[in-house]
Number of protein chains: 2
Amino acid sequence: MTVPTGRRERKKAATRQKIADTALRLFLERGYDAVGIRDVATEADVAVTTLFSHFASKEALVFEQDADFEQRLTQAVVDRAPHEPLIPALRHEIQALVRHCTADSAAPIWRMIDESPALRKYEESMRLRHAESLATAIAADPDLSRTATACGTIARFVIDAYSLAREAADPDAAVDEIFPMIEAAWEATRPTPPLPATGDDRDTQG
Amino acid sequence: MTVPTGRRERKKAATRQKIADTALRLFLERGYDAVGIRDVATEADVAVTTLFSHFASKEALVFEQDADFEQRLTQAVVDRAPHEPLIPALRHEIQALVRHCTADSAAPIWRMIDESPALRKYEESMRLRHAESLATAIAADPDLSRTATACGTIARFVIDAYSLAREAADPDAAVDEIFPMIEAAWEATRPTPPLPATGDDRDTQG
DNA sequence: ACCGTAACACTAACGGTTAGGGTTTAAGAA
DNA sequence: TTCTTAAACCCTAACCGTTAGTGTTACGGT
C-alpha cells in the first residue's frame with residue numbers, strides 16, 4: 001500500500017512541516033497578528049513564495065492539523081455497522097472531536113483562534129465545507145432515504161453542535177443537550193411511516 | 001420624533017449613499033474582484049480614507065442594504081402576540097426574508113456574492129452574529145423558559161434554514177421541509193412535560 | 001463673530017498575496 | 001551512466017485592502 005516515498009516527496013513534506021511548526025510556534029509566542037508572513041518564512045528559512053505554495057493563506061497555517069476533521073465525520077457515516085442508526089454515530093464522533101479540541105493541550109491554539117476575527121472567519125468557512133461533505137455522505141447512504149434538503153439540514157445541525165459545544169462552558173453537557181434536538185429533527189424527516197409490518201424493521205432508515 | 005436633520009448629517013448620508021451606489025454599480029458592471037477600492041473611491045469622488053470611514057471593509061459595501069436582517073428576526077420574536085408560538089413566527093419571517101433575496105431584482109447581487117469567496121465568508125460571519133442576537137432574543141422571552149444552550153441551538157438552526165433555503169432550487173419548498181425539523185427540535189427541549197392539567201395551556205412555552 | 005469638531009482629503013505606509021523569471025536537484029528515459 | 005524534464009525552490013517587485021498621520025474645510029452651537 002505504502003509506496004516507498006522518494007527523496008523529493010520527503011523533502012517537500014519536511015519543508016511543509018517545518019513551515020507549519022515554525023508558524024504555530026511563533027503565533028503562540030508572539031500572537032497571531034503580531035507575526036507576519038515574512039517573519040514565518042524567514043524563521044522557517046524558506047521564501048515567502050514557497051510558503052504560499054504549501055499553504056493557501058496565513059490562516060491555513062493554523063488549521064494544518066485539523067485537516068482530517070472532514071474525513072472523520074464522513075467516515076463515521078460510511079463506516080458504521082449495517083443498520084446502525086445515524087445520529088448516535090455522529091454524536092459519538094462529534095463528542096470525540098469536541099473533547100479533542102477542548103483538551104488542555106489545545107487550549108492555547110483555540111484561544112488564539114477565538115481572539116482573531118480572521119481565524120474565526122476561516123474556521124466558519126471550513127465548517128460550511130465540512131457540512132457539505134457530510135451532507136453528501138448522508139445522502140449517499142442507501143439505508144437512509146431522505147431528501148437532499150433533509151440531509152443538508154441535518155449536516156448543518158451536526159456541525160452546529162460541534163461549534164456550539166466547543167464554545168460552551170461545559171462541552172459534554174452541551175452535546176448531551178443538543179443531540180436530542182438533532183435526533184428529533186431527524187425523526188421528523190422519516191419518509192413514510194406506513195404499514196406496521198413484521199415488527200423487526202427497527203433501526204432501518206435511522 | 002424626527003429631529004430636523006442638519007445640513008451636515010444630510011451631506012454625510014449623501015456621501016455614504018453615493019459610495020454604496022457607486023460601489024454596487026461598478027461591482028455589477030465589472031465584477032467584484034475586478035473593481036478595486038481605489039476605483040470605487042475615485043468614481044464616487046471621495047478619498048479612500050473617507051470610504052473606509054463609512055464602511056468597515058470592501059465586503060461591507062455589498063451588504064449595505066441588508067443591515068436590518070438582524071433586527072427583523074429579533075423583532076419577530078419580541079413583537080409576536082402573547083402566547084403566539086415561537087417557531088411559526090420565525091418561519092413566517094424567514095420565509096419573507098428568503099423571498100426578498102431570491103427575488104429577480106436581487107438575483108445579480110446574490111450571484112455575485114456566491115461567486116466571491118470573500119463575500120461568502122463575510123456573509124457567513126454576518127449569519128453567526130445574527131444567530132447570536134436571535135439567541136439572546138429567544139432567551140429573553142419569559143414565555144419560553146429554555147436553557148441558553150437550547151436557545152442558541154434553535155437560533156442557529158433558524159439561520160441555517162435561511163441559508164439553506166436561499167441556496168435551494170425551490171426556496172419555498174425548502175422552508176416547508178426544514179421548519180418541521182426545527183419545530184421537532186424545539187419540541188424536544190420542552191422543560192417539563194408534566195401533569196396534564198386543565199387542558200387549555202396550549203401554546204404556552206411554544 | 002468665534003470656536004470646536006465632524007467630515008473629508010492627501011500621502012505614505014503596512015501586511016497578505018501573486019506574478020514573473022531564474023536556479024537547483026530529484027526522477028526517469030536513453 | 002548521462003541526459004532531459006519538471007518539480008521545488010528562490011528572489012524581486014508589485015498589487016490590493018487597509019490604516020496611520022496630518023492637515024483642511026465648513027457646519028453647528030455659543
# chains A, B, ... in the order shown; residues from 1 in each chain; ligands from 1
call {"tool": "residues_around", "arguments": {"residues": "B:Glu124", "least_positions_apart": "5", "cutoff": "8 Å", "atoms": "only C-alpha atoms (C1' of nucleotides)", "output": "PyMOL selection string"}}
result
chain A and resi 121+124-125
call {"tool": "interface_residues", "arguments": {"of": "chain A", "to": "chain B", "cutoff": "6 Å", "atoms": "only C-alpha atoms", "output": "ChimeraX atom specification"}}
result
/A:181,184-185,188
call {"tool": "atom_distance", "arguments": {"atom1": "atom CA of B:Ile138", "atom2": "atom CA of B:Asp68"}}
result
17.9 Å
call {"tool": "interface_residues", "arguments": {"of": "chain B", "to": "chain C", "cutoff": "10 Å", "atoms": "only C-alpha atoms (C1' of nucleotides)", "output": "PDB file with N, CA and C atoms, in the first residue's frame"}}
result
ATOM      1  N   ARG B   8     -25.209  69.099   7.742  1.00  0.00           N
ATOM      2  CA  ARG B   8     -24.052  68.229   7.929  1.00  0.00           C
ATOM      3  C   ARG B   8     -24.441  66.751   7.816  1.00  0.00           C
ATOM      4  N   GLU B   9     -25.471  66.394   8.562  1.00  0.00           N
ATOM      5  CA  GLU B   9     -25.895  64.991   8.546  1.00  0.00           C
ATOM      6  C   GLU B   9     -26.380  64.575   7.167  1.00  0.00           C
ATOM      7  N   LYS B  11     -25.437  65.800   4.318  1.00  0.00           N
ATOM      8  CA  LYS B  11     -24.275  65.617   3.428  1.00  0.00           C
ATOM      9  C   LYS B  11     -23.572  64.295   3.701  1.00  0.00           C
ATOM     10  N   LYS B  12     -23.457  63.976   4.980  1.00  0.00           N
ATOM     11  CA  LYS B  12     -22.791  62.718   5.323  1.00  0.00           C
ATOM     12  C   LYS B  12     -23.568  61.528   4.766  1.00  0.00           C
ATOM     13  N   THR B  15     -23.066  61.310   1.059  1.00  0.00           N
ATOM     14  CA  THR B  15     -21.758  60.744   0.717  1.00  0.00           C
ATOM     15  C   THR B  15     -21.776  59.226   0.855  1.00  0.00           C
ATOM     16  N   VAL B  46     -14.525  60.504  -3.779  1.00  0.00           N
ATOM     17  CA  VAL B  46     -14.131  60.682  -2.382  1.00  0.00           C
ATOM     18  C   VAL B  46     -12.736  60.087  -2.201  1.00  0.00           C
ATOM     19  N   ALA B  47     -12.128  60.371  -1.074  1.00  0.00           N
ATOM     20  CA  ALA B  47     -10.827  59.792  -0.771  1.00  0.00           C
ATOM     21  C   ALA B  47     -11.006  58.385  -0.237  1.00  0.00           C
ATOM     22  N   VAL B  48      -9.995  57.557  -0.425  1.00  0.00           N
ATOM     23  CA  VAL B  48     -10.060  56.184   0.071  1.00  0.00           C
ATOM     24  C   VAL B  48     -10.328  56.170   1.568  1.00  0.00           C
ATOM     25  N   THR B  49      -9.698  57.055   2.278  1.00  0.00           N
ATOM     26  CA  THR B  49      -9.895  57.081   3.736  1.00  0.00           C
ATOM     27  C   THR B  49     -11.336  57.445   4.099  1.00  0.00           C
ATOM     28  N   THR B  50     -11.937  58.289   3.279  1.00  0.00           N
ATOM     29  CA  THR B  50     -13.344  58.625   3.519  1.00  0.00           C
ATOM     30  C   THR B  50     -14.223  57.395   3.333  1.00  0.00           C
ATOM     31  N   LEU B  51     -13.940  56.676   2.261  1.00  0.00           N
ATOM     32  CA  LEU B  51     -14.698  55.441   2.037  1.00  0.00           C
ATOM     33  C   LEU B  51     -14.625  54.533   3.261  1.00  0.00           C
ATOM     34  N   SER B  53     -14.098  55.350   6.236  1.00  0.00           N
ATOM     35  CA  SER B  53     -14.731  55.895   7.439  1.00  0.00           C
ATOM     36  C   SER B  53     -16.237  55.615   7.413  1.00  0.00           C
TER      37      SER B  53
END
call {"tool": "residues_around", "arguments": {"residues": "A:Ile113", "least_positions_apart": "3", "cutoff": "12 Å", "atoms": "only C-alpha atoms (C1' of nucleotides)", "output": "list in words"}}
result
Leu24, Phe27, Leu28, Gly31, Tyr32, Asp33, Glu59, Ala60, Leu61, Val62, Phe63, Cys101, Ala106, Ala107, Pro108, Ile109, Trp110, Ser116, Pro117, Ala118, Leu119, Arg120, Lys121, Tyr122, Glu123, Glu124 and Glu167 of chain A
call {"tool": "write_last_selection", "arguments": {"atoms": "C-alpha atoms", "output": "mmCIF file, in the first residue's frame"}}
result
data_model
loop_
_atom_site.group_PDB
_atom_site.id
_atom_site.type_symbol
_atom_site.label_atom_id
_atom_site.label_comp_id
_atom_site.auth_asym_id
_atom_site.auth_seq_id
_atom_site.Cartn_x
_atom_site.Cartn_y
_atom_site.Cartn_z
ATOM 1 C CA LEU A 24 2.446 27.758 15.128
ATOM 2 C CA PHE A 27 1.946 32.580 16.628
ATOM 3 C CA LEU A 28 1.744 31.170 20.146
ATOM 4 C CA GLY A 31 0.349 36.365 18.925
ATOM 5 C CA TYR A 32 -1.163 35.733 15.536
ATOM 6 C CA ASP A 33 -1.462 39.341 14.460
ATOM 7 C CA GLU A 59 -4.931 31.307 8.319
ATOM 8 C CA ALA A 60 -4.387 27.906 6.726
ATOM 9 C CA LEU A 61 -1.130 27.656 8.682
ATOM 10 C CA VAL A 62 -3.112 27.429 11.900
ATOM 11 C CA PHE A 63 -5.588 24.790 10.773
ATOM 12 C CA CYS A 101 -10.078 20.402 20.730
ATOM 13 C CA ALA A 106 -5.182 22.510 22.507
ATOM 14 C CA ALA A 107 -6.446 25.364 24.656
ATOM 15 C CA PRO A 108 -3.851 27.996 23.655
ATOM 16 C CA ILE A 109 -4.470 27.378 19.980
ATOM 17 C CA TRP A 110 -8.216 27.767 20.311
ATOM 18 C CA SER A 116 -8.605 36.625 15.858
ATOM 19 C CA PRO A 117 -11.516 37.607 13.612
ATOM 20 C CA ALA A 118 -9.651 36.382 10.561
ATOM 21 C CA LEU A 119 -9.169 32.934 12.071
ATOM 22 C CA ARG A 120 -12.784 32.777 13.203
ATOM 23 C CA LYS A 121 -13.996 33.583 9.715
ATOM 24 C CA TYR A 122 -11.712 30.979 8.269
ATOM 25 C CA GLU A 123 -12.992 28.325 10.611
ATOM 26 C CA GLU A 124 -16.570 29.240 9.760
ATOM 27 C CA GLU A 167 -17.681 27.221 22.784
#
call {"tool": "closest_atom_pairs", "arguments": {"of": "chain B", "to": "chain D", "cutoff": "9 Å", "atoms": "only C-alpha atoms (C1' of nucleotides)", "output": "tab-separated table"}}
result
residue	atom	partner	partner_atom	distance
B:Gly6	CA	D:DC27	C1'	8.6
B:Arg7	CA	D:DC27	C1'	7.4
B:Arg8	CA	D:DC27	C1'	6.0
B:Gly36	CA	D:DC16	C1'	7.3
B:Ile37	CA	D:DG17	C1'	7.4
B:Thr49	CA	D:DT19	C1'	8.6
B:Phe52	CA	D:DT18	C1'	8.3
B:Ser57	CA	D:DG17	C1'	8.1
B:Lys58	CA	D:DG17	C1'	7.6
call {"tool": "atom_distance", "arguments": {"atom1": "atom CA of A:Asp172", "atom2": "atom CA of A:Gln95"}}
result
7.1 Å
call {"tool": "select_by_dssp", "arguments": {"residues": "stretch 2-196 of chain B", "states": "helix (DSSP H, G or I)", "output": "number ranges by chain"}}
result
B: 7-30, 37-44, 48-54, 58-62, 65-78, 86-102, 104-115, 117-140, 148-167, 171-187
call {"tool": "atom_distance", "arguments": {"atom1": "atom CA of A:Gln17", "atom2": "atom CA of A:Ala44"}}
result
9.7 Å
